[in-house]
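K.L.:
Can you read through this structure? Questions will come right after.
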Amino acid sequence: MRLILGITGASGVIYGTRLLEFLKREKVEVETHLVISEMGKQIIELELEQRLEDVIGLASFFYENTDLTAPIASGSFHIDATIIVPCSMKTVASVANGISENLIARAADISLKEKRKLVIVPRETPLSEIHLKNLLKVARAGGTVIPASPAFYHEPERLEDLADFIVGKVLEAIGIEHNLYRRWG
Ligand SMILES: Cc1cc2nc3c(=O)[nH]c(=O)nc-3n(C[C@H](O)[C@H](O)[C@H](O)COP(=O)(O)O)c2cc1C
């Protein structure tokens with residue numbers, strides 16, 4: 001399986017890094033193509049103890065968000081799914097309106113046009129009418145919207161347990177098995 005993972009400048013970059021860590025730890029046979037926006041890089045420094053280089057080291061390939069000549073900027077480069085986690089409202093707006101101004105938005109645009117899986121994990125609160133309309137557009141175009149709103153019924157003890165609930169939901173959306181949280185029932 002080949003995945004594109006975009007980390008943008010919304011709070012909750014831990015969701016993206018926990019996903020990369022899961023894939024590496026569990027030795028899931030997946031090739032990861034990582035892109036981190038400039039604000040994503042800043043928020044990694046702000047919210048995580050990990051260094052940016054360590055996060056990049058978790059992926060198979062890394063590209064700058066400005067690199068629109070990267071292989072993943074073309075629809076002829078086959079990928080199975082594109083995941084944007086966390087996804088800022090600015091990037092949601094780009095995806096919803098087909099504005100491929102950077103590599104993350106372009107990768108999402110390709111996923112939609114090629115009818116491949118696109119999963120976004122938006123994070124903002126409260127949501128304006130514009131945010132909601134853009135999220136609806138992405139959902140109607142075929143994207144899966146998984147809000148960064150973890151549940152509490154699995155009795156999380158650590159911050160990582162909360163993050164792993166969302167990571168689990170993302171993995172389910174792209175068909176990768178996991179035991180990251182105790183399922184209801
Ligand atoms: C500390 C910090 C936290 C932010 N959190 C969010 C957020 O949760 N959601 C959001 O939509 N934007 C958030 N922003 C604003 C985005 O970073 C900003 O809109 C940026 O242009 C997003 O660009 P990108 O999508 O290319 O990363 C945050 C900014 C800062 C500095």
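Identifiers in this document derive from the order of the structure tokens: chains are assigned A, B, ..., residues are numbered from 1 separately in each chain, and ligands are numbered from 1 in order of occurrence.
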Residues at most 9 Å from ligand 1, using only C-alpha atoms and all ligand atoms? Could they come as a VMD selection string?
P.N.:
chain A and resid 7 to 12 36 to 43 46 to 47 65 86 to 92 94 102 104 to 105 122 to 125 131
K.L.:
What is the atom CA of A:Glu49-atom CA of A:His154 distance in Å, reported with one decimal?
P.N.:
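Those two atoms sit 25.4 Å apart.
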K.L.:
Please give the complete set of residues from chain A that DSSP, run on the backbone, assigns to helix (DSSP H, G or I), formatted as an MDAnalysis selection string.
P.N.:
chainID A and resid 13:25 38:47 52:57 71:73 89:96 103:113 129:140 159:173
K.L.:
Could you check which of A:Leu112, A:Ile146, A:Leu3, A:Ile83 is closest to A:Val28, using only C-alpha atoms?
P.N.:
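Selected residue with least distance to A:Val28: A:Leu3.
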K.L.:
Take atom CA of A:Glu53 and atom CA of A:Phe77 and report the distance between them in Å, one decimal.
P.N.:
25.6 Å
K.L.:
Give me, please, the distance in Å between atom CA of A:Ile176 and atom CA of A:Gly75, quoted to one decimal.
P.N.:
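One can read the atom CA of A:Ile176 to atom CA of A:Gly75 distance as 23.0 Å.
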K.L.:
From a DSSP pass on the backbone, collect the residues of chain A flagged as strand (DSSP E) and hand them back as a PyMOL selection string.
P.N.:
chain A and resi 2-7+31-36+61-64+81-87+117-122+144-145
K.L.:
For A:Glu177, please output as a PyMOL selection string all residues within 12 Å (counting only C-alpha atoms; exclusion window: fewer than 3 positions along the same chain).
P.N.:
chain A and resi 22-23+26+28-29+167-174+180-181
K.L.:
Take the selection from the previous step and output its residues with C-alpha atoms, as an mmCIF file, in the first residue's frame.
P.N.:
```
data_model
loop_
_atom_site.group_PDB
_atom_site.id
_atom_site.type_symbol
_atom_site.label_atom_id
_atom_site.label_comp_id
_atom_site.auth_asym_id
_atom_site.auth_seq_id
_atom_site.Cartn_x
_atom_site.Cartn_y
_atom_site.Cartn_z
ATOM 1 C CA PHE A 22 1.813 3.089 14.355
ATOM 2 C CA LEU A 23 2.718 2.142 10.780
ATOM 3 C CA GLU A 26 3.480 -2.467 13.666
ATOM 4 C CA VAL A 28 2.613 -2.391 8.332
ATOM 5 C CA GLU A 29 3.657 -2.945 4.728
ATOM 6 C CA VAL A 167 -5.652 7.327 14.388
ATOM 7 C CA GLY A 168 -7.718 4.132 14.666
ATOM 8 C CA LYS A 169 -10.623 5.766 12.846
ATOM 9 C CA VAL A 170 -8.279 6.893 10.046
ATOM 10 C CA LEU A 171 -6.812 3.374 9.742
ATOM 11 C CA GLU A 172 -10.314 1.893 9.518
ATOM 12 C CA ALA A 173 -11.182 4.353 6.734
ATOM 13 C CA ILE A 174 -8.260 3.115 4.636
ATOM 14 C CA LEU A 180 -5.508 1.057 19.091
ATOM 15 C CA TYR A 181 -8.661 1.381 21.159
#
```
K.L.:
Mind checking which residues fall within 12 Å of A:Pro156, counting only C-alpha atoms, ignoring those fewer than 4 positions away in the same chain, and posting them as a PyMOL selection string?
P.N.:
chain A and resi 150-152+160-165+180-182
